[in-house]
$ cat entry35.csv   # CSV, N, CA and C atoms
chain,number,residue,atom,x,y,z
A,188,MET,N,-6.3,-3.6,9.4
A,188,MET,CA,-5.4,-2.5,9.2
A,188,MET,C,-5.2,-1.7,10.5
A,189,LEU,N,-4.0,-1.3,10.8
A,189,LEU,CA,-3.8,-0.5,12.0
A,189,LEU,C,-3.2,0.9,11.5
A,190,THR,N,-3.4,1.8,12.4
A,190,THR,CA,-2.9,3.2,12.2
A,190,THR,C,-2.1,3.5,13.4
A,191,ALA,N,-1.0,4.2,13.3
A,191,ALA,CA,-0.2,4.6,14.5
A,191,ALA,C,0.3,6.0,14.3
A,192,ARG,N,0.5,6.7,15.4
A,192,ARG,CA,1.1,8.0,15.4
A,192,ARG,C,2.5,7.9,16.0
A,193,VAL,N,3.4,8.7,15.4
A,193,VAL,CA,4.7,8.7,16.0
A,193,VAL,C,5.0,10.2,16.5
A,194,THR,N,6.0,10.3,17.3
A,194,THR,CA,6.4,11.6,17.9
A,194,THR,C,7.1,12.4,16.8
A,195,ASP,N,7.3,13.6,17.0
A,195,ASP,CA,8.0,14.5,16.0
A,195,ASP,C,9.4,14.0,15.9
A,196,THR,N,10.0,13.6,17.0
A,196,THR,CA,11.4,13.0,16.9
A,196,THR,C,11.5,11.8,16.1
A,197,GLN,N,10.5,10.9,16.3
A,197,GLN,CA,10.5,9.6,15.6
A,197,GLN,C,10.3,9.9,14.1
A,198,ALA,N,9.4,10.8,13.8
A,198,ALA,CA,9.1,11.2,12.4
A,198,ALA,C,10.4,11.8,11.7
A,199,ALA,N,11.1,12.6,12.5
A,199,ALA,CA,12.3,13.2,11.9
A,199,ALA,C,13.4,12.1,11.7
A,200,LEU,N,13.5,11.1,12.6
A,200,LEU,CA,14.4,10.0,12.4
A,200,LEU,C,14.0,9.2,11.2
A,201,LEU,N,12.7,8.9,11.0
A,201,LEU,CA,12.3,8.1,9.9
A,201,LEU,C,12.6,8.9,8.6
A,202,LYS,N,12.3,10.2,8.5
A,202,LYS,CA,12.6,11.0,7.3
A,202,LYS,C,14.1,11.0,7.0
A,203,SER,N,14.9,11.1,8.1
A,203,SER,CA,16.4,11.1,7.9
A,203,SER,C,16.8,9.7,7.3
A,204,TYR,N,16.3,8.7,7.9
A,204,TYR,CA,16.7,7.3,7.5
A,204,TYR,C,16.3,7.1,6.0
A,205,ALA,N,15.0,7.5,5.7
A,205,ALA,CA,14.5,7.4,4.3
A,205,ALA,C,15.4,8.1,3.3
A,206,ALA,N,15.8,9.3,3.7
A,206,ALA,CA,16.7,10.1,2.8
A,206,ALA,C,18.1,9.5,2.7
A,207,ASP,N,18.6,8.9,3.8
A,207,ASP,CA,19.9,8.3,3.8
A,207,ASP,C,20.0,7.1,2.9
A,208,VAL,N,18.9,6.3,2.9
A,208,VAL,CA,19.0,5.0,2.2
A,208,VAL,C,18.2,5.1,0.8
A,209,GLY,N,17.6,6.3,0.5
A,209,GLY,CA,17.0,6.5,-0.7
A,209,GLY,C,15.6,5.8,-0.9
A,210,LEU,N,14.9,5.7,0.2
A,210,LEU,CA,13.6,5.1,0.2
A,210,LEU,C,12.5,6.2,0.4
A,211,PRO,N,11.3,5.9,-0.2
A,211,PRO,CA,10.2,6.8,0.2
A,211,PRO,C,9.9,6.7,1.7
A,212,LEU,N,9.4,7.8,2.3
A,212,LEU,CA,9.1,7.8,3.7
A,212,LEU,C,8.2,6.6,4.1
A,213,TYR,N,7.2,6.3,3.3
A,213,TYR,CA,6.3,5.2,3.5
A,213,TYR,C,7.0,3.9,3.7
A,214,GLN,N,7.9,3.6,2.7
A,214,GLN,CA,8.7,2.4,2.7
A,214,GLN,C,9.6,2.3,3.9
A,215,ALA,N,10.2,3.4,4.3
A,215,ALA,CA,11.1,3.4,5.5
A,215,ALA,C,10.3,3.1,6.7
A,216,THR,N,9.1,3.7,6.8
A,216,THR,CA,8.2,3.4,7.9
A,216,THR,C,7.8,2.0,8.0
A,217,VAL,N,7.5,1.4,6.9
A,217,VAL,CA,7.2,0.0,6.8
A,217,VAL,C,8.3,-0.9,7.3
A,218,ARG,N,9.5,-0.5,6.9
A,218,ARG,CA,10.7,-1.3,7.3
A,218,ARG,C,11.0,-1.2,8.8
A,219,ALA,N,10.8,0.0,9.3
A,219,ALA,CA,11.0,0.3,10.8
A,219,ALA,C,9.9,-0.6,11.5
A,220,LEU,N,8.7,-0.6,11.1
A,220,LEU,CA,7.7,-1.4,11.7
A,220,LEU,C,8.0,-2.9,11.7
A,221,GLU,N,8.4,-3.4,10.5
A,221,GLU,CA,8.7,-4.8,10.4
A,221,GLU,C,9.9,-5.2,11.4
A,222,LEU,N,10.9,-4.3,11.4
A,222,LEU,CA,12.0,-4.6,12.3
A,222,LEU,C,11.6,-4.5,13.8
A,223,GLY,N,10.8,-3.6,14.1
A,223,GLY,CA,10.3,-3.5,15.5
A,223,GLY,C,9.5,-4.7,15.9
A,224,ILE,N,8.6,-5.2,15.0
A,224,ILE,CA,7.9,-6.4,15.3
A,224,ILE,C,8.8,-7.6,15.4
A,225,ALA,N,9.8,-7.7,14.5
A,225,ALA,CA,10.7,-8.8,14.6
A,225,ALA,C,11.4,-8.8,16.0
A,226,ALA,N,11.8,-7.6,16.4
A,226,ALA,CA,12.5,-7.4,17.7
A,226,ALA,C,11.6,-7.9,18.8
A,227,LEU,N,10.4,-7.5,18.8
A,227,LEU,CA,9.4,-7.8,19.9
A,227,LEU,C,9.2,-9.3,19.9
A,228,VAL,N,9.0,-9.9,18.7
A,228,VAL,CA,8.7,-11.4,18.6
A,228,VAL,C,10.0,-12.1,19.1
A,229,GLY,N,11.1,-11.6,18.8
A,229,GLY,CA,12.4,-12.2,19.2
A,229,GLY,C,12.6,-12.1,20.7
A,230,GLY,N,11.8,-11.5,21.5
A,230,GLY,CA,11.9,-11.4,22.9
A,230,GLY,C,12.9,-10.4,23.4
A,231,ARG,N,13.2,-9.4,22.6
A,231,ARG,CA,14.2,-8.4,22.9
A,231,ARG,C,13.5,-7.1,23.3
A,232,GLY,N,12.2,-7.0,23.6
A,232,GLY,CA,11.6,-5.8,23.9
A,232,GLY,C,11.7,-4.8,22.7
A,233,ALA,N,12.0,-3.6,23.0
A,233,ALA,CA,12.1,-2.5,22.0
A,233,ALA,C,13.5,-2.4,21.4
A,234,GLU,N,14.4,-3.2,21.9
A,234,GLU,CA,15.8,-3.1,21.3
A,234,GLU,C,15.9,-3.7,20.0
A,235,PRO,N,16.7,-3.2,19.1
A,235,PRO,CA,16.9,-3.9,17.8
A,235,PRO,C,17.5,-5.2,18.0
A,236,ALA,N,17.1,-6.2,17.1
A,236,ALA,CA,17.7,-7.5,17.1
A,236,ALA,C,19.2,-7.4,16.7
A,237,ARG,N,20.0,-8.1,17.4
A,237,ARG,CA,21.5,-8.1,17.0
A,237,ARG,C,21.8,-9.6,16.6
A,238,HIS,N,22.5,-9.7,15.5
A,238,HIS,CA,22.8,-11.0,15.0
A,238,HIS,C,23.8,-11.8,15.9
A,239,GLU,N,24.6,-11.1,16.6
A,239,GLU,CA,25.6,-11.8,17.4
A,239,GLU,C,25.1,-12.3,18.7
A,240,GLN,N,23.9,-11.9,19.1
A,240,GLN,CA,23.3,-12.3,20.4
A,240,GLN,C,22.8,-13.7,20.2
A,241,ALA,N,22.9,-14.5,21.3
A,241,ALA,CA,22.2,-15.8,21.3
A,241,ALA,C,20.7,-15.6,21.5
A,242,PRO,N,19.9,-16.5,20.9
A,242,PRO,CA,18.5,-16.3,21.0
A,242,PRO,C,18.0,-16.5,22.5
A,243,PRO,N,16.9,-15.8,22.8
A,243,PRO,CA,16.4,-15.9,24.2
A,243,PRO,C,16.1,-17.4,24.5
A,244,ALA,N,16.0,-17.6,25.8
A,244,ALA,CA,15.6,-19.0,26.2
A,244,ALA,C,14.3,-19.4,25.6
A,245,GLY,N,14.1,-20.6,25.2
A,245,GLY,CA,12.9,-21.1,24.6
A,245,GLY,C,12.8,-20.9,23.1
A,246,ILE,N,13.7,-20.1,22.5
A,246,ILE,CA,13.7,-19.9,21.1
A,246,ILE,C,15.0,-20.4,20.5
A,247,SER,N,14.8,-21.3,19.5
A,247,SER,CA,16.0,-21.8,18.9
A,247,SER,C,16.6,-20.9,17.9
A,248,THR,N,17.9,-21.1,17.6
A,248,THR,CA,18.6,-20.3,16.6
A,248,THR,C,17.9,-20.5,15.2
A,249,GLY,N,17.4,-21.7,14.9
A,249,GLY,CA,16.7,-21.9,13.7
A,249,GLY,C,15.4,-21.0,13.6
A,250,GLU,N,14.7,-20.9,14.7
A,250,GLU,CA,13.5,-20.0,14.7
A,250,GLU,C,13.8,-18.6,14.5
A,251,VAL,N,14.9,-18.1,15.1
A,251,VAL,CA,15.4,-16.7,14.9
A,251,VAL,C,15.7,-16.5,13.4
A,252,GLU,N,16.5,-17.5,12.9
A,252,GLU,CA,16.9,-17.3,11.5
A,252,GLU,C,15.6,-17.4,10.5
A,253,ALA,N,14.7,-18.2,10.9
A,253,ALA,CA,13.4,-18.2,10.1
A,253,ALA,C,12.7,-16.9,10.1
A,254,LEU,N,12.7,-16.3,11.3
A,254,LEU,CA,12.1,-15.0,11.5
A,254,LEU,C,12.8,-13.9,10.7
A,255,ARG,N,14.1,-14.0,10.7
A,255,ARG,CA,14.9,-13.0,9.9
A,255,ARG,C,14.6,-13.2,8.4
A,256,GLU,N,14.5,-14.4,7.9
A,256,GLU,CA,14.2,-14.7,6.5
A,256,GLU,C,12.8,-14.2,6.2
A,257,ALA,N,11.8,-14.4,7.1
A,257,ALA,CA,10.5,-13.9,6.9
A,257,ALA,C,10.4,-12.4,6.8
A,258,VAL,N,11.2,-11.7,7.6
A,258,VAL,CA,11.2,-10.2,7.6
A,258,VAL,C,11.9,-9.8,6.2
A,259,ASP,N,12.9,-10.5,5.8
A,259,ASP,CA,13.5,-10.2,4.5
A,259,ASP,C,12.5,-10.4,3.4
A,260,ARG,N,11.7,-11.4,3.4
A,260,ARG,CA,10.7,-11.7,2.4
A,260,ARG,C,9.7,-10.6,2.4
A,261,LEU,N,9.2,-10.2,3.6
A,261,LEU,CA,8.3,-9.1,3.7
A,261,LEU,C,8.8,-7.8,3.2
A,262,THR,N,10.1,-7.5,3.4
A,262,THR,CA,10.7,-6.3,2.9
A,262,THR,C,10.7,-6.3,1.4
A,263,VAL,N,11.1,-7.4,0.8
A,263,VAL,CA,11.1,-7.5,-0.7
A,263,VAL,C,9.6,-7.4,-1.2
A,264,ARG,N,8.7,-8.0,-0.6
A,264,ARG,CA,7.3,-7.8,-1.0
A,264,ARG,C,6.8,-6.4,-0.9
A,265,ALA,N,7.2,-5.7,0.2
A,265,ALA,CA,6.7,-4.3,0.4
A,265,ALA,C,7.3,-3.4,-0.7
A,266,GLU,N,8.6,-3.7,-1.0
A,266,GLU,CA,9.2,-2.9,-2.1
A,266,GLU,C,8.6,-3.1,-3.4
A,267,LEU,N,8.2,-4.4,-3.7
A,267,LEU,CA,7.5,-4.7,-4.9
A,267,LEU,C,6.1,-4.0,-4.9
A,268,ALA,N,5.4,-4.1,-3.8
A,268,ALA,CA,4.1,-3.4,-3.7
A,268,ALA,C,4.2,-2.0,-4.0
A,269,ASP,N,5.3,-1.3,-3.4
A,269,ASP,CA,5.5,0.1,-3.6
A,269,ASP,C,5.7,0.4,-5.1
A,270,ARG,N,6.5,-0.4,-5.8
A,270,ARG,CA,6.7,-0.2,-7.2
A,270,ARG,C,5.4,-0.4,-8.0
A,271,LEU,N,4.6,-1.4,-7.6
A,271,LEU,CA,3.4,-1.7,-8.3
A,271,LEU,C,2.4,-0.6,-8.1
A,272,ILE,N,2.3,0.0,-7.0
A,272,ILE,CA,1.5,1.2,-6.7
A,272,ILE,C,1.8,2.3,-7.6
A,273,GLN,N,3.1,2.6,-7.7
A,273,GLN,CA,3.6,3.7,-8.6
A,273,GLN,C,3.2,3.4,-10.0
A,274,ARG,N,3.4,2.2,-10.5
A,274,ARG,CA,3.0,1.9,-11.9
A,274,ARG,C,1.5,2.0,-12.1
A,275,SER,N,0.7,1.5,-11.1
A,275,SER,CA,-0.7,1.6,-11.2
A,275,SER,C,-1.2,3.0,-11.3
A,276,LEU,N,-0.6,3.9,-10.5
A,276,LEU,CA,-1.0,5.3,-10.5
A,276,LEU,C,-0.6,5.9,-11.9
A,277,TYR,N,0.5,5.6,-12.4
A,277,TYR,CA,0.9,6.1,-13.7
A,277,TYR,C,-0.1,5.6,-14.8
A,278,ALA,N,-0.4,4.3,-14.8
A,278,ALA,CA,-1.3,3.7,-15.7
A,278,ALA,C,-2.7,4.4,-15.7
A,279,ALA,N,-3.2,4.7,-14.4
A,279,ALA,CA,-4.4,5.3,-14.3
A,279,ALA,C,-4.4,6.7,-14.9
A,280,GLY,N,-3.3,7.4,-14.6
A,280,GLY,CA,-3.2,8.8,-15.2
A,280,GLY,C,-3.2,8.7,-16.7
A,281,ALA,N,-2.5,7.8,-17.3
A,281,ALA,CA,-2.4,7.6,-18.7
A,281,ALA,C,-3.8,7.3,-19.3
A,282,ALA,N,-4.5,6.4,-18.6
A,282,ALA,CA,-5.8,6.0,-19.1
A,282,ALA,C,-6.8,7.2,-19.1
A,283,TYR,N,-6.7,8.0,-18.0
A,283,TYR,CA,-7.5,9.2,-17.9
A,283,TYR,C,-7.2,10.2,-19.1
A,284,ALA,N,-5.9,10.3,-19.4
A,284,ALA,CA,-5.5,11.2,-20.5
A,284,ALA,C,-6.0,10.7,-21.8
A,285,ALA,N,-5.9,9.4,-22.0
A,285,ALA,CA,-6.4,8.8,-23.2
A,285,ALA,C,-7.9,8.9,-23.4
A,286,ALA,N,-8.6,8.7,-22.3
A,286,ALA,CA,-10.1,8.8,-22.3
A,286,ALA,C,-10.5,10.2,-22.7
A,287,LEU,N,-9.9,11.2,-22.1
A,287,LEU,CA,-10.3,12.6,-22.4
A,287,LEU,C,-9.8,13.1,-23.8
A,288,ALA,N,-8.8,12.5,-24.3
A,288,ALA,CA,-8.2,13.0,-25.5
A,288,ALA,C,-8.6,12.1,-26.7
A,289,GLY,N,-9.9,11.7,-26.7
A,289,GLY,CA,-10.4,10.8,-27.7
A,289,GLY,C,-10.1,11.3,-29.1
A,290,PRO,N,-10.6,10.5,-30.1
A,290,PRO,CA,-10.3,10.8,-31.5
A,290,PRO,C,-10.8,12.2,-31.9
A,291,GLY,N,-10.0,12.9,-32.7
A,291,GLY,CA,-10.4,14.2,-33.2
A,291,GLY,C,-10.0,15.4,-32.4
A,292,GLN,N,-9.4,15.1,-31.3
A,292,GLN,CA,-9.0,16.2,-30.4
A,292,GLN,C,-7.6,16.8,-30.9
A,293,SER,N,-7.5,18.1,-30.7
A,293,SER,CA,-6.2,18.7,-31.2
A,293,SER,C,-5.0,18.3,-30.3
A,294,ASP,N,-3.9,18.5,-30.9
A,294,ASP,CA,-2.6,18.2,-30.2
A,294,ASP,C,-2.5,19.0,-28.9
A,295,LYS,N,-2.9,20.3,-29.0
A,295,LYS,CA,-2.9,21.2,-27.8
A,295,LYS,C,-3.8,20.6,-26.7
A,296,HIS,N,-4.9,20.2,-27.1
A,296,HIS,CA,-5.9,19.6,-26.1
A,296,HIS,C,-5.3,18.3,-25.5
A,297,LYS,N,-4.7,17.5,-26.3
A,297,LYS,CA,-4.1,16.3,-25.8
A,297,LYS,C,-3.0,16.5,-24.9
A,298,ALA,N,-2.2,17.5,-25.2
A,298,ALA,CA,-1.0,17.9,-24.3
A,298,ALA,C,-1.5,18.4,-23.0
A,299,GLN,N,-2.6,19.2,-23.0
A,299,GLN,CA,-3.2,19.7,-21.7
A,299,GLN,C,-3.7,18.6,-20.9
A,300,VAL,N,-4.4,17.6,-21.5
A,300,VAL,CA,-4.9,16.5,-20.8
A,300,VAL,C,-3.8,15.6,-20.2
A,301,THR,N,-2.7,15.5,-20.9
A,301,THR,CA,-1.6,14.7,-20.5
A,301,THR,C,-1.0,15.4,-19.2
A,302,ARG,N,-0.8,16.8,-19.3
A,302,ARG,CA,-0.3,17.5,-18.2
A,302,ARG,C,-1.3,17.4,-17.0
A,303,ASP,N,-2.6,17.4,-17.2
A,303,ASP,CA,-3.5,17.2,-16.1
A,303,ASP,C,-3.4,15.9,-15.5
A,304,ALA,N,-3.2,14.9,-16.3
A,304,ALA,CA,-3.1,13.5,-15.8
A,304,ALA,C,-1.8,13.4,-15.0
A,305,GLN,N,-0.7,14.0,-15.4
A,305,GLN,CA,0.5,14.0,-14.6
A,305,GLN,C,0.4,14.7,-13.3
A,306,VAL,N,-0.3,15.8,-13.2
A,306,VAL,CA,-0.6,16.5,-12.0
A,306,VAL,C,-1.4,15.6,-11.0
A,307,ILE,N,-2.4,14.9,-11.6
A,307,ILE,CA,-3.2,14.0,-10.7
A,307,ILE,C,-2.3,12.8,-10.2
A,308,PHE,N,-1.5,12.3,-11.1
A,308,PHE,CA,-0.6,11.2,-10.7
A,308,PHE,C,0.3,11.6,-9.6
A,309,ASP,N,1.0,12.8,-9.8
A,309,ASP,CA,1.9,13.3,-8.8
A,309,ASP,C,1.3,13.5,-7.5
A,310,ARG,N,0.1,14.0,-7.5
A,310,ARG,CA,-0.7,14.3,-6.2
A,310,ARG,C,-1.0,12.9,-5.5
A,311,GLN,N,-1.5,12.0,-6.3
A,311,GLN,CA,-1.8,10.7,-5.7
A,311,GLN,C,-0.6,9.9,-5.2
A,312,LEU,N,0.5,10.0,-5.9
A,312,LEU,CA,1.7,9.4,-5.5
A,312,LEU,C,2.2,10.0,-4.2
A,313,ALA,N,2.1,11.3,-4.1
A,313,ALA,CA,2.6,12.0,-2.8
A,313,ALA,C,1.7,11.5,-1.7
A,314,LYS,N,0.4,11.4,-1.9
A,314,LYS,CA,-0.5,10.9,-0.9
A,314,LYS,C,-0.2,9.5,-0.4
A,315,ALA,N,0.1,8.7,-1.4
A,315,ALA,CA,0.5,7.3,-1.1
A,315,ALA,C,1.8,7.2,-0.3
A,316,ARG,N,2.7,8.0,-0.6
A,316,ARG,CA,4.0,8.0,0.1
A,316,ARG,C,3.8,8.5,1.5
A,317,GLU,N,2.9,9.5,1.7
A,317,GLU,CA,2.7,10.1,3.0
A,317,GLU,C,2.0,9.1,3.9
A,318,GLY,N,1.0,8.5,3.3
A,318,GLY,CA,0.0,7.8,4.2
A,318,GLY,C,0.2,6.4,4.5

$ encode --input "entry35.csv" --output "structure tokens"
Amino acid sequence: MLTARVTDTQAALLKSYAADVGLPLYQATVRALELGIAALVGGRGAEPARHEQAPPAGISTGEVEALREAVDRLTVRAELADRLIQRSLYAAGAAYAAALAGPGQSDKHKAQVTRDAQVIFDRQLAKAREG
């Protein structure tokens, strides 16, 4: 696993992009990283890959297309992983609420435990999206 820092300008651009396309910041960052890696592997340095350009010498059009398909598959998997994380956090919060609200508890107590679980879920989801 790698960790990277971005400049304030890059962070602002990522946040703006995420808001424009309706993605969590984490997912937008993953997408930017995937596209950046694809551009580097494609021999284009830090410039975005353009579909209309011919592939660099030594790389066939088929290899470039295979790379694009691989990035598309990674994007789909990353989006699925993001949804699974959200569902897992929700399930964990619900399990917590159920465990604390065992049999014989009052409705008021159960409602409070449910609210507590929701707060925990929201906090964990925010951390997952930031990190």

$ closest_residue --input "entry35.csv" --among "A:Leu261, A:Ala253, A:Leu222, A:Ala284" --to "A:Arg302" --atoms "all atoms listed in the file"
A:Ala284

$ residues_around --input "entry35.csv" --residues "A:Tyr277" --least-positions-apart "6" --cutoff "10 Å" --atoms "only C-alpha atoms" --output "PDB file with N, CA and C atoms, in the coordinates of the input"
ATOM      1  N   LEU A 271       4.600  -1.400  -7.600  1.00  0.00           N
ATOM      2  CA  LEU A 271       3.400  -1.700  -8.300  1.00  0.00           C
ATOM      3  C   LEU A 271       2.400  -0.600  -8.100  1.00  0.00           C
ATOM      4  N   TYR A 283      -6.700   8.000 -18.000  1.00  0.00           N
ATOM      5  CA  TYR A 283      -7.500   9.200 -17.900  1.00  0.00           C
ATOM      6  C   TYR A 283      -7.200  10.200 -19.100  1.00  0.00           C
ATOM      7  N   ALA A 304      -3.200  14.900 -16.300  1.00  0.00           N
ATOM      8  CA  ALA A 304      -3.100  13.500 -15.800  1.00  0.00           C
ATOM      9  C   ALA A 304      -1.800  13.400 -15.000  1.00  0.00           C
ATOM     10  N   GLN A 305      -0.700  14.000 -15.400  1.00  0.00           N
ATOM     11  CA  GLN A 305       0.500  14.000 -14.600  1.00  0.00           C
ATOM     12  C   GLN A 305       0.400  14.700 -13.300  1.00  0.00           C
ATOM     13  N   ILE A 307      -2.400  14.900 -11.600  1.00  0.00           N
ATOM     14  CA  ILE A 307      -3.200  14.000 -10.700  1.00  0.00           C
ATOM     15  C   ILE A 307      -2.300  12.800 -10.200  1.00  0.00           C
ATOM     16  N   PHE A 308      -1.500  12.300 -11.100  1.00  0.00           N
ATOM     17  CA  PHE A 308      -0.600  11.200 -10.700  1.00  0.00           C
ATOM     18  C   PHE A 308       0.300  11.600  -9.600  1.00  0.00           C
ATOM     19  N   ASP A 309       1.000  12.800  -9.800  1.00  0.00           N
ATOM     20  CA  ASP A 309       1.900  13.300  -8.800  1.00  0.00           C
ATOM     21  C   ASP A 309       1.300  13.500  -7.500  1.00  0.00           C
ATOM     22  N   GLN A 311      -1.500  12.000  -6.300  1.00  0.00           N
ATOM     23  CA  GLN A 311      -1.800  10.700  -5.700  1.00  0.00           C
ATOM     24  C   GLN A 311      -0.600   9.900  -5.200  1.00  0.00           C
ATOM     25  N   LEU A 312       0.500  10.000  -5.900  1.00  0.00           N
ATOM     26  CA  LEU A 312       1.700   9.400  -5.500  1.00  0.00           C
ATOM     27  C   LEU A 312       2.200  10.000  -4.200  1.00  0.00           C
TER      28      LEU A 312
END

$ residues_around --input "entry35.csv" --residues "A:Gln214" --least-positions-apart "5" --cutoff "9 Å" --atoms "only C-alpha atoms" --output "list in words"
Ala205, Ala219, Thr262, Ala265, Glu266, Asp269 and Arg316 of chain A

$ atom_distance --input "entry35.csv" --atom1 "atom CA of A:Tyr213" --atom2 "atom N of A:Ala281"
22.7 Å

$ atom_distance --input "entry35.csv" --atom1 "atom N of A:Lys295" --atom2 "atom N of A:Gly280"
19.3 Å
